[in-house]
>>> print(open('structure21.cif').read())   # mmCIF, C-alpha atoms
data_my_file
#
loop_
_atom_site.label_atom_id
_atom_site.label_comp_id
_atom_site.auth_asym_id
_atom_site.auth_seq_id
_atom_site.Cartn_x
_atom_site.Cartn_y
_atom_site.Cartn_z
CA SER A 1154 128.97 151.59 118.04
CA LEU A 1155 126.11 151.73 120.53
CA ARG A 1156 123.81 153.18 117.86
CA GLU A 1157 124.59 150.32 115.49
CA GLY A 1158 123.96 147.86 118.30
CA PHE A 1159 120.50 149.30 118.97
CA ALA A 1160 119.75 149.21 115.25
CA LYS A 1161 120.61 145.51 115.13
CA VAL A 1162 118.42 144.85 118.17
CA ARG A 1163 115.50 146.64 116.50
CA GLU A 1164 115.93 144.63 113.30
CA LYS A 1165 116.15 141.38 115.24
CA GLY A 1166 113.07 142.40 117.19
CA LYS A 1167 111.14 142.92 113.96
CA GLU A 1168 112.11 139.38 112.99
CA MET A 1169 111.50 137.61 116.30
CA ILE A 1170 108.43 139.37 117.74
CA PRO A 1171 106.03 138.15 115.02
CA LEU A 1172 107.32 134.60 115.54
CA ALA A 1173 106.86 134.93 119.29
CA VAL A 1174 103.31 136.20 118.83
CA LYS A 1175 102.49 133.32 116.47
CA GLU A 1176 103.91 130.77 118.89
CA LEU A 1177 102.03 132.33 121.82
CA ASP A 1178 98.86 132.05 119.74
CA GLN A 1179 99.59 128.34 119.19
CA LYS A 1180 100.25 127.79 122.91
CA LEU A 1181 96.91 129.42 123.76
CA ARG A 1182 95.15 127.26 121.17
CA GLU A 1183 96.73 124.15 122.72
CA ILE A 1184 95.49 125.21 126.15
CA GLN A 1185 92.04 125.83 124.68
CA ALA A 1186 92.06 122.40 123.03
CA TYR A 1187 93.20 120.84 126.31
CA ILE A 1188 90.24 122.36 128.13
CA ARG A 1189 87.76 121.38 125.41
CA SER A 1190 89.02 117.81 125.29
CA GLY A 1191 88.85 117.32 129.04
CA GLY A 1192 92.61 117.10 129.36
CA GLU A 1193 93.48 115.09 126.25
CA THR A 1194 95.73 116.94 123.85
CA THR A 1195 99.32 116.85 122.67
CA SER A 1196 101.77 119.69 122.03
CA ARG A 1197 102.92 120.40 118.50
CA VAL A 1198 106.51 119.66 119.50
CA ALA A 1199 105.48 116.25 120.86
CA MET A 1200 103.68 115.51 117.58
CA HIS A 1201 106.81 116.43 115.66
CA GLU A 1202 108.90 114.17 117.91
CA VAL A 1203 106.63 111.20 117.24
CA ALA A 1204 106.73 111.81 113.49
CA THR A 1205 110.51 112.22 113.29
CA GLY A 1206 111.36 109.62 115.90
CA GLN A 1207 113.75 112.18 117.43
CA ARG A 1208 113.41 113.95 120.76
CA ILE A 1209 113.72 117.75 120.95
CA THR A 1210 116.10 118.28 123.87
CA THR A 1211 116.89 122.01 123.87
CA HIS A 1212 115.01 125.29 123.59
CA ALA A 1213 117.24 126.14 120.63
CA ASP A 1214 115.98 123.06 118.77
CA GLU A 1215 112.39 123.98 119.54
CA ARG A 1216 112.96 127.60 118.49
CA ARG A 1217 114.47 126.43 115.20
CA LEU A 1218 111.38 124.34 114.48
CA VAL A 1219 109.15 127.32 115.20
CA GLN A 1220 111.22 129.58 112.94
CA ASP A 1221 111.24 127.02 110.14
CA GLY A 1222 107.45 126.84 110.36
CA VAL A 1223 107.37 123.05 110.03
CA LEU A 1224 105.35 122.26 113.16
CA PRO A 1225 101.65 121.38 112.77
CA VAL A 1226 99.54 124.54 113.05
CA ARG A 1227 96.40 124.51 115.20
CA ASN A 1228 93.74 126.90 113.91
CA SER A 1229 90.82 128.74 115.54
CA ARG A 1230 88.58 125.69 114.96
CA GLY A 1231 90.89 123.67 117.18
CA GLY A 1232 92.01 121.55 114.22
CA PHE A 1233 95.30 121.20 112.38
CA ASN A 1234 95.67 123.04 109.08
CA GLN A 1235 96.02 121.01 105.92
CA ASN A 1236 99.39 121.39 104.23
CA PRO A 1237 99.61 123.46 101.03
CA ALA A 1238 98.95 121.02 98.21
CA ALA A 1239 98.29 123.03 95.03
CA GLN A 1240 99.86 121.55 91.92
CA ASN A 1241 100.81 125.02 90.67
CA ASP A 1242 102.69 125.97 93.87
CA PRO A 1243 105.52 123.43 94.31
CA ALA A 1244 107.54 125.90 96.39
CA ALA A 1245 104.86 125.95 99.11
CA ILE A 1246 104.75 122.15 99.13
CA ALA A 1247 108.54 121.84 99.32
CA LYS A 1248 108.55 123.49 102.74
CA TYR A 1249 106.71 120.47 104.13
CA TYR A 1250 107.37 117.58 101.77
CA LYS A 1251 110.01 116.35 99.35
CA HIS A 1252 109.90 112.96 97.69
CA GLU A 1253 112.96 110.77 98.17
CA PRO A 1254 113.99 107.67 96.19
CA ASP A 1255 112.65 104.34 97.54
CA TYR A 1256 109.89 106.12 99.48
CA PRO A 1257 106.23 106.53 98.48
CA ASN A 1258 105.65 109.46 96.15
CA LEU A 1259 102.73 111.48 97.52
CA MET A 1260 102.75 113.66 94.42
CA HIS A 1261 102.06 110.79 92.03
CA ALA A 1262 98.42 111.80 91.52
CA VAL A 1263 96.60 115.13 91.51
CA ASP A 1264 92.89 115.65 92.16
CA PRO A 1265 91.39 116.43 88.72
CA LYS A 1266 88.80 118.79 90.24
CA THR A 1267 90.84 120.78 92.76
CA LYS A 1268 94.27 120.37 91.12
CA GLU A 1269 95.68 119.53 94.53
CA TYR A 1270 97.64 116.59 95.91
CA ASN A 1271 95.14 115.16 98.40
CA ASN A 1272 97.76 112.93 100.01
CA ILE A 1273 99.80 115.99 100.98
CA ALA A 1274 96.76 117.92 102.22
CA ALA A 1275 96.03 114.96 104.53
CA PHE A 1276 99.09 115.98 106.59
CA SER A 1277 99.71 119.00 108.82
CA GLY A 1278 103.28 120.20 109.22
CA LYS A 1279 106.53 118.52 108.24
CA MET A 1280 106.24 115.17 106.47
CA LEU A 1281 109.18 112.86 107.15
CA ASN A 1282 110.55 110.14 104.90
CA ARG A 1283 111.83 107.50 107.31
CA PRO A 1284 111.72 103.75 107.90
CA LEU A 1285 109.46 102.66 110.73
CA LYS A 1286 111.53 101.67 113.76
CA ASP A 1287 111.68 98.55 115.89
CA GLY A 1288 108.96 98.56 118.52
CA GLU A 1289 106.73 101.09 116.76
CA GLN A 1290 103.09 100.02 116.57
CA ILE A 1291 100.85 100.42 113.54
CA PHE A 1292 97.11 99.95 113.18
CA ARG A 1293 94.41 100.21 110.55
CA PHE A 1294 90.62 100.16 110.88
CA PHE A 1295 88.29 98.45 108.42
CA GLY A 1296 84.73 97.27 108.11
CA PRO A 1297 81.89 96.20 105.83
CA PRO A 1298 79.81 98.59 103.70
CA ARG A 1299 77.01 100.39 105.50
CA THR A 1300 74.73 103.42 105.29
CA THR A 1301 75.32 106.51 107.44
CA HIS A 1302 72.83 109.40 107.43
CA GLY A 1303 71.31 107.97 104.28
CA VAL A 1304 74.64 107.87 102.42
CA ALA A 1305 76.18 104.61 101.25
CA VAL A 1306 79.67 104.04 102.67
CA ASP A 1307 81.92 101.62 100.80
CA GLU A 1308 83.71 98.70 102.40
CA ALA A 1309 87.00 99.63 104.09
CA TRP A 1310 89.80 97.12 103.63
CA ALA A 1311 92.26 95.69 106.15
CA ALA A 1312 95.22 96.49 103.90
CA GLY A 1313 96.13 99.82 102.37
CA ALA A 1314 98.71 102.59 102.38
CA TRP A 1315 97.34 104.67 105.29
CA TRP A 1316 98.14 103.43 108.81
CA GLY A 1317 97.96 104.91 112.28
CA LEU A 1318 101.27 105.05 114.15
CA GLY A 1319 101.31 104.31 117.88
CA PRO A 1320 98.85 102.49 120.16
CA PRO A 1321 95.38 102.08 118.60
CA PRO A 1322 92.65 104.49 119.77
CA ARG A 1323 90.71 103.44 122.85
CA THR A 1324 87.38 104.94 121.79
CA ALA A 1325 85.45 105.71 118.62
CA LYS A 1326 85.59 109.41 119.51
CA GLU A 1327 89.39 109.35 119.73
CA TRP A 1328 89.67 107.48 116.43
CA ARG A 1329 87.25 109.65 114.48
CA GLU A 1330 88.46 113.01 115.78
CA MET A 1331 92.23 112.60 116.08
CA ALA A 1332 92.71 110.37 113.03
CA ALA A 1333 90.16 112.56 111.17
CA VAL A 1334 88.48 109.53 109.59
CA LEU A 1335 85.25 110.84 108.09
CA ASP A 1336 82.15 108.66 108.27
CA SER A 1337 82.24 108.51 104.47
CA PHE A 1338 85.79 107.10 104.53
CA ASN A 1339 85.37 104.12 106.83
CA GLY A 1340 82.49 102.42 108.63
CA ASP A 1341 84.63 100.75 111.33
CA GLY A 1342 83.87 97.56 113.20
CA PHE A 1343 87.33 95.99 113.12
CA PHE A 1344 91.02 96.79 113.13
CA VAL A 1345 94.38 95.17 112.52
CA THR A 1346 97.53 95.85 114.55
CA ALA A 1347 101.23 95.06 114.19
CA LYS A 1348 104.61 95.93 115.69
CA ILE A 1349 107.80 96.61 113.74
CA VAL A 1350 110.56 94.02 114.36
CA ASN A 1351 113.98 92.93 113.10
CA GLY A 1352 114.99 96.39 111.93
CA LYS A 1353 113.00 95.86 108.74
CA GLY A 1354 110.29 98.49 109.04
CA PRO A 1355 108.77 99.70 105.77
CA LYS A 1356 109.93 103.02 104.33
CA ALA A 1357 107.12 105.44 105.07
CA VAL A 1358 106.03 109.06 104.91
CA VAL A 1359 105.20 110.00 108.51
CA GLY A 1360 103.50 113.08 109.95
CA THR A 1361 100.53 114.61 111.75
CA VAL A 1362 96.96 114.07 110.56
CA SER A 1363 95.29 117.24 109.27
CA GLU A 1364 91.67 118.30 109.75
CA GLN A 1365 88.98 116.92 107.45
CA PHE A 1366 85.62 118.31 106.31
CA GLY A 1367 82.71 116.10 105.32
CA LYS A 1368 81.64 116.47 101.68
CA LYS A 1369 79.92 113.21 100.82
CA ILE A 1370 78.21 113.43 104.23
CA PRO A 1371 77.98 117.20 104.88
CA GLY A 1372 78.25 118.74 108.33
CA GLN A 1373 81.06 116.63 109.76
CA TYR A 1374 84.31 118.25 110.90
CA LEU A 1375 87.21 116.32 112.45
CA PRO A 1376 90.29 118.17 113.83
CA GLY A 1377 93.07 115.59 113.39
CA GLY A 1378 96.27 115.58 115.44
CA ALA A 1379 97.17 111.87 115.50
CA THR A 1380 100.30 110.49 113.83
CA GLN A 1381 99.98 108.59 110.56
CA ALA A 1382 102.27 106.65 108.25
CA PHE A 1383 101.88 106.12 104.51
CA PHE A 1384 103.64 103.05 103.12
CA PHE A 1385 103.15 100.12 100.78
CA LEU A 1386 103.01 96.40 101.51
CA GLU A 1387 103.99 93.60 99.16
CA SER A 1388 100.99 92.58 97.06
CA SER A 1389 100.94 89.06 98.53
CA VAL A 1390 100.76 90.44 102.09
CA LYS A 1391 98.13 92.97 101.09
CA ASP A 1392 95.97 90.26 99.49
CA ALA A 1393 96.33 88.01 102.54
CA LEU A 1394 95.33 90.83 104.91
CA ASN A 1395 92.28 91.74 102.85
CA LYS A 1396 91.14 88.12 102.60
CA ALA A 1397 91.61 87.51 106.32
CA GLY A 1398 89.92 90.81 107.14
CA GLN A 1399 86.79 89.88 105.20
CA THR A 1400 86.69 86.47 106.87
CA PHE A 1401 87.11 88.05 110.30
CA ALA A 1402 84.44 90.69 109.64
CA ASN A 1403 82.00 87.93 108.70
CA GLY A 1404 82.53 86.06 111.95
CA GLY A 1405 85.20 83.67 110.73
CA LYS A 1406 88.23 82.43 112.60
CA VAL A 1407 91.56 83.83 111.37
CA ASN A 1408 95.20 83.46 112.32
CA LYS A 1409 97.91 86.07 112.43
CA ILE A 1410 99.30 87.17 109.09
CA VAL A 1411 103.10 87.34 108.87
CA ASP A 1412 105.00 89.36 106.30
CA PRO A 1413 107.84 86.99 105.29
CA ALA A 1414 110.07 89.87 104.16
CA THR A 1415 109.96 91.79 107.45
CA GLY A 1416 108.69 89.34 110.06
CA ILE A 1417 105.89 91.75 111.01
CA GLU A 1418 102.86 89.94 112.48
CA PHE A 1419 99.39 91.35 111.88
CA THR A 1420 96.62 90.56 114.39
CA PHE A 1421 92.89 91.17 113.93
CA HIS A 1422 90.49 92.65 116.48
CA ALA A 1423 86.85 93.74 116.76
CA THR A 1424 86.26 97.21 118.20
CA GLY A 1425 82.95 96.46 119.86
CA TRP A 1426 82.08 100.14 119.45
CA THR A 1427 78.43 101.10 119.04
CA ASP A 1428 79.03 104.84 118.56
CA ALA A 1429 81.49 104.89 115.65
CA ASN A 1430 79.18 106.14 112.90
CA GLY A 1431 77.07 109.24 112.42
CA ILE A 1432 77.91 110.84 115.77
CA TRP A 1433 81.33 112.46 116.14
CA GLY A 1434 82.22 115.77 114.53
CA TYR A 1435 78.71 117.04 113.80
CA VAL A 1436 77.67 120.48 115.01
CA ARG A 1437 74.20 119.17 115.79
CA GLY A 1438 73.86 115.63 117.01
CA PRO A 1439 71.79 113.27 114.84
CA GLY A 1440 68.58 111.65 115.98
CA THR A 1441 68.66 108.11 117.25
CA THR A 1442 67.12 106.81 114.05
CA ALA A 1443 69.93 108.32 111.99
CA THR A 1444 72.76 107.03 114.12
CA GLN A 1445 74.52 104.09 112.53
CA THR A 1446 76.20 101.65 114.88
CA ALA A 1447 78.70 98.89 114.32
CA ARG A 1448 76.39 95.92 113.83
CA LEU A 1449 78.62 93.21 115.16
CA GLY A 1450 75.92 90.72 116.15
CA ALA A 1451 77.37 87.26 116.09
CA ARG A 1452 80.68 88.71 114.93
CA GLU A 1453 81.39 90.55 118.18
CA GLN A 1454 83.01 87.42 119.60
CA ALA A 1455 85.43 87.19 116.69
CA SER A 1456 88.22 88.93 118.59
CA LYS A 1457 88.33 85.94 120.93
CA HIS A 1458 89.38 83.66 118.09
CA ASN A 1459 92.87 85.08 117.47
CA GLU A 1460 95.36 82.25 117.16
CA GLU A 1461 99.12 82.12 117.54
CA VAL A 1462 99.53 80.03 114.39
CA ALA A 1463 101.25 82.08 111.69
CA ILE A 1464 100.21 82.17 108.04
CA TYR A 1465 102.83 83.12 105.47
CA PRO A 1466 101.25 84.54 102.30
#
>>> encode(input="structure21.cif", output="structure tokens")
Amino acid sequence: SLREGFAKVREKGKEMIPLAVKELDQKLREIQAYIRSGGETTSRVAMHEVATGQRITTHADERRLVQDGVLPVRNSRGGFNQNPAAQNDPAAIAKYYKHEPDYPNLMHAVDPKTKEYNNIAAFSGKMLNRPLKDGEQIFRFFGPPRTTHGVAVDEAWAAGAWWGLGPPPRTAKEWREMAAVLDSFNGDGFFVTAKIVNGKGPKAVVGTVSEQFGKKIPGQYLPGGATQAFFFLESSVKDALNKAGQTFANGGKVNKIVDPATGIEFTFHATGWTDANGIWGYVRGPGTTATQTARLGAREQASKHNEEVAIYP
């Protein structure tokens, strides 16, 4: 009957209107972020497409993603919310992440203080288990130990599980803010890049970077929003990358490193950035004496020494 039809419309309205309001809020936040960034921001759907490797072609697909609540959520700070990661709430985690055989297990270790899975909190929105595809680029920044705002920052290594996915950042600001790499995590100076080939990309957990708050160096806030991949390399490749990275960072000449199992070639570069440390993400800018810069010195020419000769670890 007509009355029953109106009743169904009212019930559907109760379901859909809150979703529409939430999505409108996210659209407005994206516009706000676009204005703040000077025209450099990416929609949540586009971020999801990069992570999944699949293009959203219809409004129905986009609406389903909104309803499922798996898109990265931009908050009032302009950053992307960290995923639920409490050890005692597996149901909340399952909405965003489920471990699959042969893929990295991001629930293998829990923070003893917070009782949270930090690896899961480092993502915002759906986390995909998928092999990296032919043509996809990966990058990772590294550098020697340094001191930033009076705090000792450990050496960052060329090899590890966390990698950026896509073209490497063009500026220190882009790297710090979108990849949410706190000053206490990594002192920068150098980076390594590679491209997936031969259909043998590593099996990775892929998703959007979440916001990060400085603890070791208080006062820093980085919004996130870039795409990241978590995967493991063979120990021999990892050792070769770390050794070559240290040589390169100290001004030495290094060749490309080739993973014999996948054919992936890793190439080393110097950033040349002088504004990578102690600057981005602070509410109040530091004084010039506190600002730490990438002291390349004689090493700044190292990027010119890349060779085509391949080394097989």
>>> closest_residue(input="structure21.cif", among="A:Ala1314, A:Val1362, A:Val1263, A:Ala1325", to="Gly1340 (chain A)", atoms="only C-alpha atoms")
A:Ala1325
>>> residues_around(input="structure21.cif", residues="region 1240-1255 of chain A", least_positions_apart="6", cutoff="10 Å", atoms="only C-alpha atoms", output="list in words")
Asp1221, Gly1222, Val1223, Leu1224, His1261, Ala1262, Val1263, Asp1264, Thr1267, Lys1268, Glu1269, Tyr1270, Ile1273, Ala1274, Phe1276, Ser1277, Gly1278, Lys1279, Met1280, Leu1281, Asn1282, Arg1283, Lys1356, Ala1357, Val1358 and Gly1360 of chain A
>>> residues_around(input="structure21.cif", residues="Trp1315 (chain A)", least_positions_apart="4", cutoff="8 Å", atoms="only C-alpha atoms", output="list in words")
Arg1293, Gln1381, Ala1382, Phe1383 and Phe1384 of chain A
>>> residues_near_point(input="structure21.cif", point="(81.1, 103.2, 122.6)", cutoff="9 Å", atoms="all atoms listed in the file", output="number ranges by chain")
A: 1324-1326, 1425-1429
>>> residues_around(input="structure21.cif", residues="Asn1395 (chain A)", least_positions_apart="4", cutoff="8 Å", atoms="only C-alpha atoms", output="list of chain:residue names")
A:Trp1310, A:Ala1311, A:Ala1312, A:Lys1391, A:Gln1399
>>> atom_distance(input="structure21.cif", atom1="CA of Pro1376 (chain A)", atom2="CA of Ala1239 (chain A)")
21.0 Å
>>> atom_distance(input="structure21.cif", atom1="CA of Val1390 (chain A)", atom2="CA of Ala1332 (chain A)")
24.1 Å
>>> residues_near_point(input="structure21.cif", point="(87.0, 119.1, 111.5)", cutoff="8 Å", atoms="only C-alpha atoms", output="PyMOL selection string")
chain A and resi 1230+1232+1330+1333+1364-1366+1373-1377+1434
>>> atom_distance(input="structure21.cif", atom1="CA of Asn1403 (chain A)", atom2="CA of Phe1344 (chain A)")
13.4 Å
>>> residues_around(input="structure21.cif", residues="region 1347-1355 of chain A", least_positions_apart="3", cutoff="8 Å", atoms="all atoms listed in the file", output="NGL selection string")
:A and (1284-1292 or 1384-1386 or 1415-1420)
>>> axis_aligned_box(input="structure21.cif", around="region 1402-1415 of chain A", padding_each_side="8 Å", output="AutoDock Vina command-line options")
--center_x 96.0 --center_y 87.1 --center_z 108.4 --size_x 44.1 --size_y 25.4 --size_z 24.4
>>> closest_residue(input="structure21.cif", among="A:Gly1342, A:Gly1367, A:Gly1431, A:Pro1320", to="Phe1295 (chain A)", atoms="all atoms listed in the file")
A:Gly1342
>>> closest_residue(input="structure21.cif", among="A:Thr1380, A:Phe1421, A:Asn1271, A:Phe1338", to="Lys1396 (chain A)", atoms="only C-alpha atoms")
A:Phe1421
>>> resolve_selection(input="structure21.cif", expression="the PyMOL selection byres ((chain A and resi 1306) around 12)", output="list in words")
Phe1295, Gly1296, Pro1297, Pro1298, Arg1299, Thr1300, Thr1301, His1302, Gly1303, Val1304, Ala1305, Asp1307, Glu1308, Ala1309, Leu1335, Asp1336, Ser1337, Phe1338, Asn1339, Gly1340, Asp1341, Lys1369, Ile1370, Asn1430, Gly1431 and Gln1445 of chain A
